[in-house]
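Chemist: Mind having a look at this structure? Questions to follow.
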2 protein chains.
Amino acid sequence: MKQFYVAIGALIEKEDQYLVLRRSPEKDVGANLWEFVTGRLEEEEDPAIGVLREVKEEVDLDVEVIMPINTSFFYRGSKEYPMVFIVFWCRYIKGEIKLSWEHTEYKWVSLDEAINSEELGLFRKGFTIIKKLKEFLPKDFKL
Amino acid sequence: MKQFYVAIGALIEKEDQYLVLRRSPEKDVGANLWEFVTGRLEEEEDPAIGVLREVKEEVDLDVEVIMPINTSFFYRGSKEYPMVFIVFWCRYIKGEIKLSWEHTEYKWVSLDEAINSEELGLFRKGFTIIKKLKEFLPKDFKL
């Protein structure tokens, strides 16, 4: 029976813009690449709670979870780190962005900018999903 | 850095009815309780692929994933089995139900029956979420 590390990601929405960040050159994996807030689940942690903690740690914002939107499997760097990745669509509540050592830059982008951004690479998938959901769900929707 | 087992669940919809199953008396955990299809993710498996495999193994149906709807953390039986649970809303495609040794009975129930069913216990949460999403999403929606 196989065990995994669990990674969580947050696509943070604020007035129809989404937060993307550039990974620090000191990161062991994916240095300098653009991404959204991601991190690893801690012991005994509920994923939807862990994602709030990660957002607080990485950008110092308070957000709420709208819903989980995507899951995937990958190896982080090497075969020793099998990861299941759960991405949550989140909504900004309050706070001013303060970056941690993990990122050097941030910007707020529209859904279409994110979807068409080559620098976001595989991270674009989540934005495509949100676009699909927003066709139908009301502006203040939350599970 | 903590590792988890990953469990996946499938809320299978067929003409506005949902599949629930009674766990076999031989199960080490939760014997005789009602649930939906659940199972454990295998090595290198994408959760949205693993859930299709589990559905096939447990009830022999072909389904498609509509979207992930809920995640949680729990211990399965003992502290040795920390589990992250990912629940997917799925749509029936084809097949006749054939139960495995893991279940003794099944039935198709409406969303409201599931939400009000005491025998489903904690498994009711996912049905409440689907009810909320179905207020807005078209009948054939799929991420």
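Residues are named by chain letter and number: chains run A, B, ... in the order of the structure tokens, numbers start at 1 in each chain, and ligands are numbered from 1 in the order shown.
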I need the residues of region 15-80 of chain A that end up classed as strand (DSSP E) by DSSP on the backbone, written out as a list in words.
Modeler: Gln17, Tyr18, Leu19, Val20, Leu21, Arg22, Arg23, Trp34, Glu35, Val37, Thr38, Gly39, Arg40, Asp62, Val63, Glu64, Val65, Ile66, Met67, Pro68, Ile69, Asn70, Thr71, Ser72, Phe73, Phe74 and Tyr75 of chain A
Chemist: For the residues in the current selection, export N, CA and C atoms as a PDB file, in the first residue's frame.
Modeler:
```pdb
ATOM      1  N   GLN A  17      -9.175  39.023 -10.628  1.00  0.00           N
ATOM      2  CA  GLN A  17      -7.751  38.867 -10.923  1.00  0.00           C
ATOM      3  C   GLN A  17      -7.225  37.708 -10.069  1.00  0.00           C
ATOM      4  N   TYR A  18      -6.122  37.111 -10.509  1.00  0.00           N
ATOM      5  CA  TYR A  18      -5.587  35.917  -9.841  1.00  0.00           C
ATOM      6  C   TYR A  18      -4.111  36.118  -9.525  1.00  0.00           C
ATOM      7  N   LEU A  19      -3.725  35.650  -8.367  1.00  0.00           N
ATOM      8  CA  LEU A  19      -2.362  35.885  -7.887  1.00  0.00           C
ATOM      9  C   LEU A  19      -1.383  34.843  -8.431  1.00  0.00           C
ATOM     10  N   VAL A  20      -0.337  35.326  -9.115  1.00  0.00           N
ATOM     11  CA  VAL A  20       0.747  34.432  -9.544  1.00  0.00           C
ATOM     12  C   VAL A  20       2.073  34.962  -8.996  1.00  0.00           C
ATOM     13  N   LEU A  21       2.995  34.021  -8.764  1.00  0.00           N
ATOM     14  CA  LEU A  21       4.238  34.355  -8.063  1.00  0.00           C
ATOM     15  C   LEU A  21       5.427  33.731  -8.777  1.00  0.00           C
ATOM     16  N   ARG A  22       6.569  34.406  -8.675  1.00  0.00           N
ATOM     17  CA  ARG A  22       7.774  33.826  -9.259  1.00  0.00           C
ATOM     18  C   ARG A  22       8.583  33.142  -8.155  1.00  0.00           C
ATOM     19  N   ARG A  23       8.922  31.874  -8.390  1.00  0.00           N
ATOM     20  CA  ARG A  23       9.675  31.113  -7.403  1.00  0.00           C
ATOM     21  C   ARG A  23      11.086  31.664  -7.266  1.00  0.00           C
ATOM     22  N   TRP A  34       7.187  30.759 -12.748  1.00  0.00           N
ATOM     23  CA  TRP A  34       5.956  31.359 -12.237  1.00  0.00           C
ATOM     24  C   TRP A  34       4.987  30.262 -11.832  1.00  0.00           C
ATOM     25  N   GLU A  35       4.242  30.518 -10.783  1.00  0.00           N
ATOM     26  CA  GLU A  35       3.294  29.525 -10.263  1.00  0.00           C
ATOM     27  C   GLU A  35       2.212  30.263  -9.474  1.00  0.00           C
ATOM     28  N   VAL A  37       0.269  29.966  -5.348  1.00  0.00           N
ATOM     29  CA  VAL A  37       0.689  29.510  -4.016  1.00  0.00           C
ATOM     30  C   VAL A  37       0.571  27.983  -3.941  1.00  0.00           C
ATOM     31  N   THR A  38       1.655  27.320  -3.540  1.00  0.00           N
ATOM     32  CA  THR A  38       1.630  25.872  -3.351  1.00  0.00           C
ATOM     33  C   THR A  38       2.411  25.527  -2.083  1.00  0.00           C
ATOM     34  N   GLY A  39       2.144  24.361  -1.551  1.00  0.00           N
ATOM     35  CA  GLY A  39       2.891  23.936  -0.378  1.00  0.00           C
ATOM     36  C   GLY A  39       2.548  22.500  -0.041  1.00  0.00           C
ATOM     37  N   ARG A  40       3.130  22.003   1.056  1.00  0.00           N
ATOM     38  CA  ARG A  40       2.889  20.612   1.423  1.00  0.00           C
ATOM     39  C   ARG A  40       2.031  20.499   2.664  1.00  0.00           C
ATOM     40  N   ASP A  62      -5.418  36.525   4.013  1.00  0.00           N
ATOM     41  CA  ASP A  62      -6.516  35.681   4.488  1.00  0.00           C
ATOM     42  C   ASP A  62      -7.440  35.401   3.307  1.00  0.00           C
ATOM     43  N   VAL A  63      -7.712  34.128   3.064  1.00  0.00           N
ATOM     44  CA  VAL A  63      -8.588  33.738   1.957  1.00  0.00           C
ATOM     45  C   VAL A  63      -9.590  32.707   2.449  1.00  0.00           C
ATOM     46  N   GLU A  64     -10.620  32.455   1.632  1.00  0.00           N
ATOM     47  CA  GLU A  64     -11.547  31.354   1.915  1.00  0.00           C
ATOM     48  C   GLU A  64     -11.526  30.397   0.729  1.00  0.00           C
ATOM     49  N   VAL A  65     -11.810  29.130   0.999  1.00  0.00           N
ATOM     50  CA  VAL A  65     -11.843  28.135  -0.072  1.00  0.00           C
ATOM     51  C   VAL A  65     -13.202  28.190  -0.767  1.00  0.00           C
ATOM     52  N   ILE A  66     -13.201  28.310  -2.092  1.00  0.00           N
ATOM     53  CA  ILE A  66     -14.439  28.220  -2.862  1.00  0.00           C
ATOM     54  C   ILE A  66     -14.744  26.745  -3.129  1.00  0.00           C
ATOM     55  N   MET A  67     -13.759  26.016  -3.657  1.00  0.00           N
ATOM     56  CA  MET A  67     -13.919  24.570  -3.887  1.00  0.00           C
ATOM     57  C   MET A  67     -12.614  23.962  -4.397  1.00  0.00           C
ATOM     58  N   PRO A  68     -12.473  22.624  -4.263  1.00  0.00           N
ATOM     59  CA  PRO A  68     -11.335  21.969  -4.919  1.00  0.00           C
ATOM     60  C   PRO A  68     -11.650  21.909  -6.411  1.00  0.00           C
ATOM     61  N   ILE A  69     -10.643  22.128  -7.268  1.00  0.00           N
ATOM     62  CA  ILE A  69     -10.942  22.119  -8.701  1.00  0.00           C
ATOM     63  C   ILE A  69     -10.095  21.145  -9.502  1.00  0.00           C
ATOM     64  N   ASN A  70      -8.968  20.681  -8.944  1.00  0.00           N
ATOM     65  CA  ASN A  70      -8.150  19.785  -9.749  1.00  0.00           C
ATOM     66  C   ASN A  70      -7.246  18.949  -8.847  1.00  0.00           C
ATOM     67  N   THR A  71      -6.936  17.744  -9.308  1.00  0.00           N
ATOM     68  CA  THR A  71      -6.011  16.877  -8.583  1.00  0.00           C
ATOM     69  C   THR A  71      -5.068  16.254  -9.605  1.00  0.00           C
ATOM     70  N   SER A  72      -3.869  15.912  -9.170  1.00  0.00           N
ATOM     71  CA  SER A  72      -2.936  15.249 -10.080  1.00  0.00           C
ATOM     72  C   SER A  72      -1.873  14.504  -9.286  1.00  0.00           C
ATOM     73  N   PHE A  73      -1.086  13.716  -9.994  1.00  0.00           N
ATOM     74  CA  PHE A  73       0.040  13.004  -9.393  1.00  0.00           C
ATOM     75  C   PHE A  73       1.318  13.415 -10.119  1.00  0.00           C
ATOM     76  N   PHE A  74       2.389  13.614  -9.377  1.00  0.00           N
ATOM     77  CA  PHE A  74       3.694  13.850 -10.008  1.00  0.00           C
ATOM     78  C   PHE A  74       4.808  13.508  -9.021  1.00  0.00           C
ATOM     79  N   TYR A  75       6.022  13.377  -9.533  1.00  0.00           N
ATOM     80  CA  TYR A  75       7.180  13.236  -8.652  1.00  0.00           C
ATOM     81  C   TYR A  75       7.823  14.609  -8.493  1.00  0.00           C
TER      82      TYR A  75
END
```
Chemist: Select, as a ChimeraX atom specification, those residues of chain A with any atom no more than 10 Å from chain B (distances computed using only C-alpha atoms).
Modeler: /A:1-6,40-49,67-75,79,81-87,128-130,132-138,141-143
Chemist: Can you write just those residues out, N, CA and C atoms, as a compact mmCIF listing (two decimals), in the first residue's frame?
Modeler:
```
# COMPACT_ATOMS: atom_id res chain seq x y z
N MET A 1 0.85 -1.20 0.00
CA MET A 1 0.00 0.00 0.00
C MET A 1 0.89 1.24 0.00
N LYS A 2 0.66 2.10 -0.96
CA LYS A 2 1.58 3.19 -1.24
C LYS A 2 1.23 4.49 -0.50
N GLN A 3 2.30 5.16 -0.04
CA GLN A 3 2.09 6.46 0.60
C GLN A 3 2.58 7.59 -0.31
N PHE A 4 2.01 8.77 -0.09
CA PHE A 4 2.29 9.94 -0.91
C PHE A 4 2.55 11.16 -0.03
N TYR A 5 3.29 12.11 -0.55
CA TYR A 5 3.24 13.45 0.00
C TYR A 5 2.04 14.13 -0.64
N VAL A 6 1.44 15.06 0.05
CA VAL A 6 0.28 15.76 -0.52
C VAL A 6 0.62 17.24 -0.65
N ARG A 40 3.13 22.00 1.06
CA ARG A 40 2.89 20.61 1.42
C ARG A 40 2.03 20.50 2.66
N LEU A 41 1.16 19.52 2.64
CA LEU A 41 0.25 19.27 3.75
C LEU A 41 1.04 18.76 4.95
N GLU A 42 0.70 19.27 6.13
CA GLU A 42 1.35 18.82 7.35
C GLU A 42 0.57 17.66 7.98
N GLU A 43 1.22 17.00 8.92
CA GLU A 43 0.64 15.86 9.62
C GLU A 43 -0.76 16.17 10.17
N GLU A 44 -1.69 15.28 9.96
CA GLU A 44 -3.06 15.39 10.49
C GLU A 44 -3.83 16.59 9.96
N GLU A 45 -3.38 17.16 8.85
CA GLU A 45 -4.00 18.40 8.38
C GLU A 45 -5.05 18.12 7.30
N ASP A 46 -6.18 18.75 7.43
CA ASP A 46 -7.20 18.70 6.39
C ASP A 46 -6.73 19.55 5.21
N PRO A 47 -6.82 19.04 3.96
CA PRO A 47 -6.29 19.81 2.83
C PRO A 47 -6.88 21.23 2.72
N ALA A 48 -8.18 21.37 2.97
CA ALA A 48 -8.81 22.69 2.83
C ALA A 48 -8.40 23.64 3.95
N ILE A 49 -7.84 23.11 5.03
CA ILE A 49 -7.29 23.94 6.11
C ILE A 49 -5.82 24.23 5.80
N MET A 67 -13.76 26.02 -3.66
CA MET A 67 -13.92 24.57 -3.89
C MET A 67 -12.61 23.96 -4.40
N PRO A 68 -12.47 22.62 -4.26
CA PRO A 68 -11.34 21.97 -4.92
C PRO A 68 -11.65 21.91 -6.41
N ILE A 69 -10.64 22.13 -7.27
CA ILE A 69 -10.94 22.12 -8.70
C ILE A 69 -10.10 21.14 -9.50
N ASN A 70 -8.97 20.68 -8.94
CA ASN A 70 -8.15 19.78 -9.75
C ASN A 70 -7.25 18.95 -8.85
N THR A 71 -6.94 17.74 -9.31
CA THR A 71 -6.01 16.88 -8.58
C THR A 71 -5.07 16.25 -9.60
N SER A 72 -3.87 15.91 -9.17
CA SER A 72 -2.94 15.25 -10.08
C SER A 72 -1.87 14.50 -9.29
N PHE A 73 -1.09 13.72 -9.99
CA PHE A 73 0.04 13.00 -9.39
C PHE A 73 1.32 13.42 -10.12
N PHE A 74 2.39 13.61 -9.38
CA PHE A 74 3.69 13.85 -10.01
C PHE A 74 4.81 13.51 -9.02
N TYR A 75 6.02 13.38 -9.53
CA TYR A 75 7.18 13.24 -8.65
C TYR A 75 7.82 14.61 -8.49
N LYS A 79 12.15 10.33 -7.60
CA LYS A 79 11.22 9.23 -7.31
C LYS A 79 10.97 9.07 -5.80
N TYR A 81 9.95 11.36 -3.96
CA TYR A 81 8.87 12.27 -3.56
C TYR A 81 7.63 12.16 -4.42
N PRO A 82 6.91 11.04 -4.30
CA PRO A 82 5.63 10.93 -5.02
C PRO A 82 4.61 11.88 -4.39
N MET A 83 4.04 12.75 -5.20
CA MET A 83 3.14 13.77 -4.66
C MET A 83 1.75 13.67 -5.30
N VAL A 84 0.73 13.79 -4.47
CA VAL A 84 -0.62 14.03 -4.96
C VAL A 84 -0.88 15.51 -4.73
N PHE A 85 -1.35 16.17 -5.79
CA PHE A 85 -1.51 17.63 -5.76
C PHE A 85 -3.00 17.95 -5.81
N ILE A 86 -3.46 18.75 -4.86
CA ILE A 86 -4.87 19.16 -4.83
C ILE A 86 -4.90 20.68 -4.96
N VAL A 87 -5.61 21.17 -5.98
CA VAL A 87 -5.68 22.61 -6.21
C VAL A 87 -7.05 23.14 -5.80
N THR A 128 -8.04 27.39 -16.48
CA THR A 128 -9.01 26.95 -17.49
C THR A 128 -10.25 26.39 -16.81
N ILE A 129 -10.03 25.64 -15.73
CA ILE A 129 -11.15 25.05 -14.99
C ILE A 129 -12.02 26.15 -14.36
N ILE A 130 -11.37 27.14 -13.75
CA ILE A 130 -12.14 28.22 -13.14
C ILE A 130 -12.97 28.95 -14.19
N LYS A 132 -14.29 27.79 -16.83
CA LYS A 132 -15.43 26.93 -17.15
C LYS A 132 -16.51 27.03 -16.05
N LEU A 133 -16.09 27.01 -14.80
CA LEU A 133 -17.04 27.07 -13.69
C LEU A 133 -17.71 28.44 -13.60
N LYS A 134 -16.95 29.48 -13.89
CA LYS A 134 -17.49 30.84 -13.75
C LYS A 134 -18.55 31.18 -14.81
N GLU A 135 -18.63 30.37 -15.84
CA GLU A 135 -19.72 30.55 -16.80
C GLU A 135 -21.07 30.35 -16.13
N PHE A 136 -21.09 29.53 -15.08
CA PHE A 136 -22.37 29.13 -14.49
C PHE A 136 -22.56 29.55 -13.03
N LEU A 137 -21.48 29.60 -12.28
CA LEU A 137 -21.63 29.84 -10.85
C LEU A 137 -21.74 31.34 -10.54
N PRO A 138 -22.58 31.70 -9.57
CA PRO A 138 -22.69 33.12 -9.21
C PRO A 138 -21.39 33.63 -8.60
N PHE A 141 -20.25 32.49 -5.14
CA PHE A 141 -20.41 31.07 -4.85
C PHE A 141 -19.27 30.54 -3.99
N LYS A 142 -19.63 29.55 -3.17
CA LYS A 142 -18.66 28.90 -2.28
C LYS A 142 -19.31 27.62 -1.79
N LEU A 143 -18.56 26.55 -1.78
CA LEU A 143 -19.16 25.27 -1.35
C LEU A 143 -19.40 25.26 0.15
```
Chemist: Identify which of the residues B:Val59, B:Cys90, B:Leu52, B:Ala7 lies closest to Glu102 (chain B), counting only C-alpha atoms when measuring atom-to-atom distances.
Modeler: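 Closest residue, counting only C-alpha atoms: B:Val59.
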Chemist: In Å to one decimal, how far is CA of Phe36 (chain A) from CA of Val109 (chain A)?
Modeler: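 Result for CA of Val109 (chain A) versus CA of Phe36 (chain A): 11.1 Å, one decimal.
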Chemist: Check the DSSP output for the backbone and give back, as a list in words, the residues of chain A in alpha helix (DSSP H).
Modeler: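 Here are the alpha helix (DSSP H) residues of chain A: Pro47, Ala48, Ile49, Gly50, Val51, Leu52, Arg53, Glu54, Val55, Lys56, Glu57, Glu58, Val59, Leu111, Asp112, Glu113, Ala114, Ile115, Arg124, Lys125, Gly126, Phe127, Thr128, Ile129, Ile130, Lys131, Lys132, Leu133 and Lys134 of chain A.
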Chemist: Give me a file of those residues, with N, CA and C atoms, as a short mmCIF file (atom, residue, chain, number, x, y, z; two decimals), in the first residue's frame.
Modeler:
```cif
data_model
loop_
_atom_site.label_atom_id
_atom_site.label_comp_id
_atom_site.auth_asym_id
_atom_site.auth_seq_id
_atom_site.Cartn_x
_atom_site.Cartn_y
_atom_site.Cartn_z
N PRO A 47 -6.82 19.04 3.96
CA PRO A 47 -6.29 19.81 2.83
C PRO A 47 -6.88 21.23 2.72
N ALA A 48 -8.18 21.37 2.97
CA ALA A 48 -8.81 22.69 2.83
C ALA A 48 -8.40 23.64 3.95
N ILE A 49 -7.84 23.11 5.03
CA ILE A 49 -7.29 23.94 6.11
C ILE A 49 -5.82 24.23 5.80
N GLY A 50 -5.12 23.21 5.34
CA GLY A 50 -3.70 23.37 5.00
C GLY A 50 -3.48 24.44 3.95
N VAL A 51 -4.40 24.55 3.02
CA VAL A 51 -4.21 25.54 1.95
C VAL A 51 -4.32 26.97 2.53
N LEU A 52 -5.17 27.16 3.53
CA LEU A 52 -5.27 28.48 4.17
C LEU A 52 -3.95 28.81 4.90
N ARG A 53 -3.37 27.81 5.55
CA ARG A 53 -2.09 28.00 6.24
C ARG A 53 -0.99 28.37 5.26
N GLU A 54 -0.93 27.65 4.14
CA GLU A 54 0.11 27.93 3.14
C GLU A 54 -0.02 29.34 2.57
N VAL A 55 -1.24 29.77 2.30
CA VAL A 55 -1.45 31.11 1.76
C VAL A 55 -0.95 32.14 2.76
N LYS A 56 -1.28 31.92 4.03
CA LYS A 56 -0.85 32.84 5.09
C LYS A 56 0.69 32.88 5.15
N GLU A 57 1.32 31.69 5.12
CA GLU A 57 2.78 31.63 5.23
C GLU A 57 3.49 32.26 4.03
N GLU A 58 2.96 32.02 2.83
CA GLU A 58 3.69 32.45 1.62
C GLU A 58 3.40 33.87 1.20
N VAL A 59 2.17 34.35 1.44
CA VAL A 59 1.86 35.72 0.98
C VAL A 59 1.15 36.56 2.03
N LEU A 111 -8.02 35.94 -15.83
CA LEU A 111 -8.09 34.51 -16.20
C LEU A 111 -7.49 34.28 -17.57
N ASP A 112 -7.85 35.14 -18.53
CA ASP A 112 -7.34 34.91 -19.89
C ASP A 112 -5.83 35.11 -19.97
N GLU A 113 -5.32 36.08 -19.24
CA GLU A 113 -3.86 36.25 -19.21
C GLU A 113 -3.19 34.98 -18.66
N ALA A 114 -3.75 34.44 -17.59
CA ALA A 114 -3.16 33.23 -16.98
C ALA A 114 -3.25 32.06 -17.95
N ILE A 115 -4.40 31.90 -18.57
CA ILE A 115 -4.61 30.75 -19.48
C ILE A 115 -3.65 30.81 -20.66
N ARG A 124 -1.33 26.33 -15.81
CA ARG A 124 -2.47 26.98 -16.47
C ARG A 124 -3.77 26.20 -16.35
N LYS A 125 -3.66 24.90 -16.20
CA LYS A 125 -4.86 24.04 -16.15
C LYS A 125 -5.93 24.54 -15.17
N GLY A 126 -5.54 24.90 -13.98
CA GLY A 126 -6.50 25.34 -12.96
C GLY A 126 -7.27 26.58 -13.39
N PHE A 127 -6.61 27.47 -14.12
CA PHE A 127 -7.28 28.69 -14.56
C PHE A 127 -8.34 28.36 -15.62
N THR A 128 -8.04 27.39 -16.48
CA THR A 128 -9.01 26.95 -17.49
C THR A 128 -10.25 26.39 -16.81
N ILE A 129 -10.03 25.64 -15.73
CA ILE A 129 -11.15 25.05 -14.99
C ILE A 129 -12.02 26.15 -14.36
N ILE A 130 -11.37 27.14 -13.75
CA ILE A 130 -12.14 28.22 -13.14
C ILE A 130 -12.97 28.95 -14.19
N LYS A 131 -12.38 29.17 -15.36
CA LYS A 131 -13.12 29.86 -16.43
C LYS A 131 -14.40 29.09 -16.77
N LYS A 132 -14.29 27.79 -16.83
CA LYS A 132 -15.43 26.93 -17.15
C LYS A 132 -16.51 27.03 -16.05
N LEU A 133 -16.09 27.01 -14.80
CA LEU A 133 -17.04 27.07 -13.69
C LEU A 133 -17.71 28.44 -13.60
N LYS A 134 -16.95 29.48 -13.89
CA LYS A 134 -17.49 30.84 -13.75
C LYS A 134 -18.55 31.18 -14.81
#
```
Chemist: Find the distance between CA of Glu13 (chain B) and CA of Leu61 (chain B) and write it in Å to one decimal.
Modeler: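 Separating CA of Glu13 (chain B) from CA of Leu61 (chain B) is a distance of 11.6 Å.
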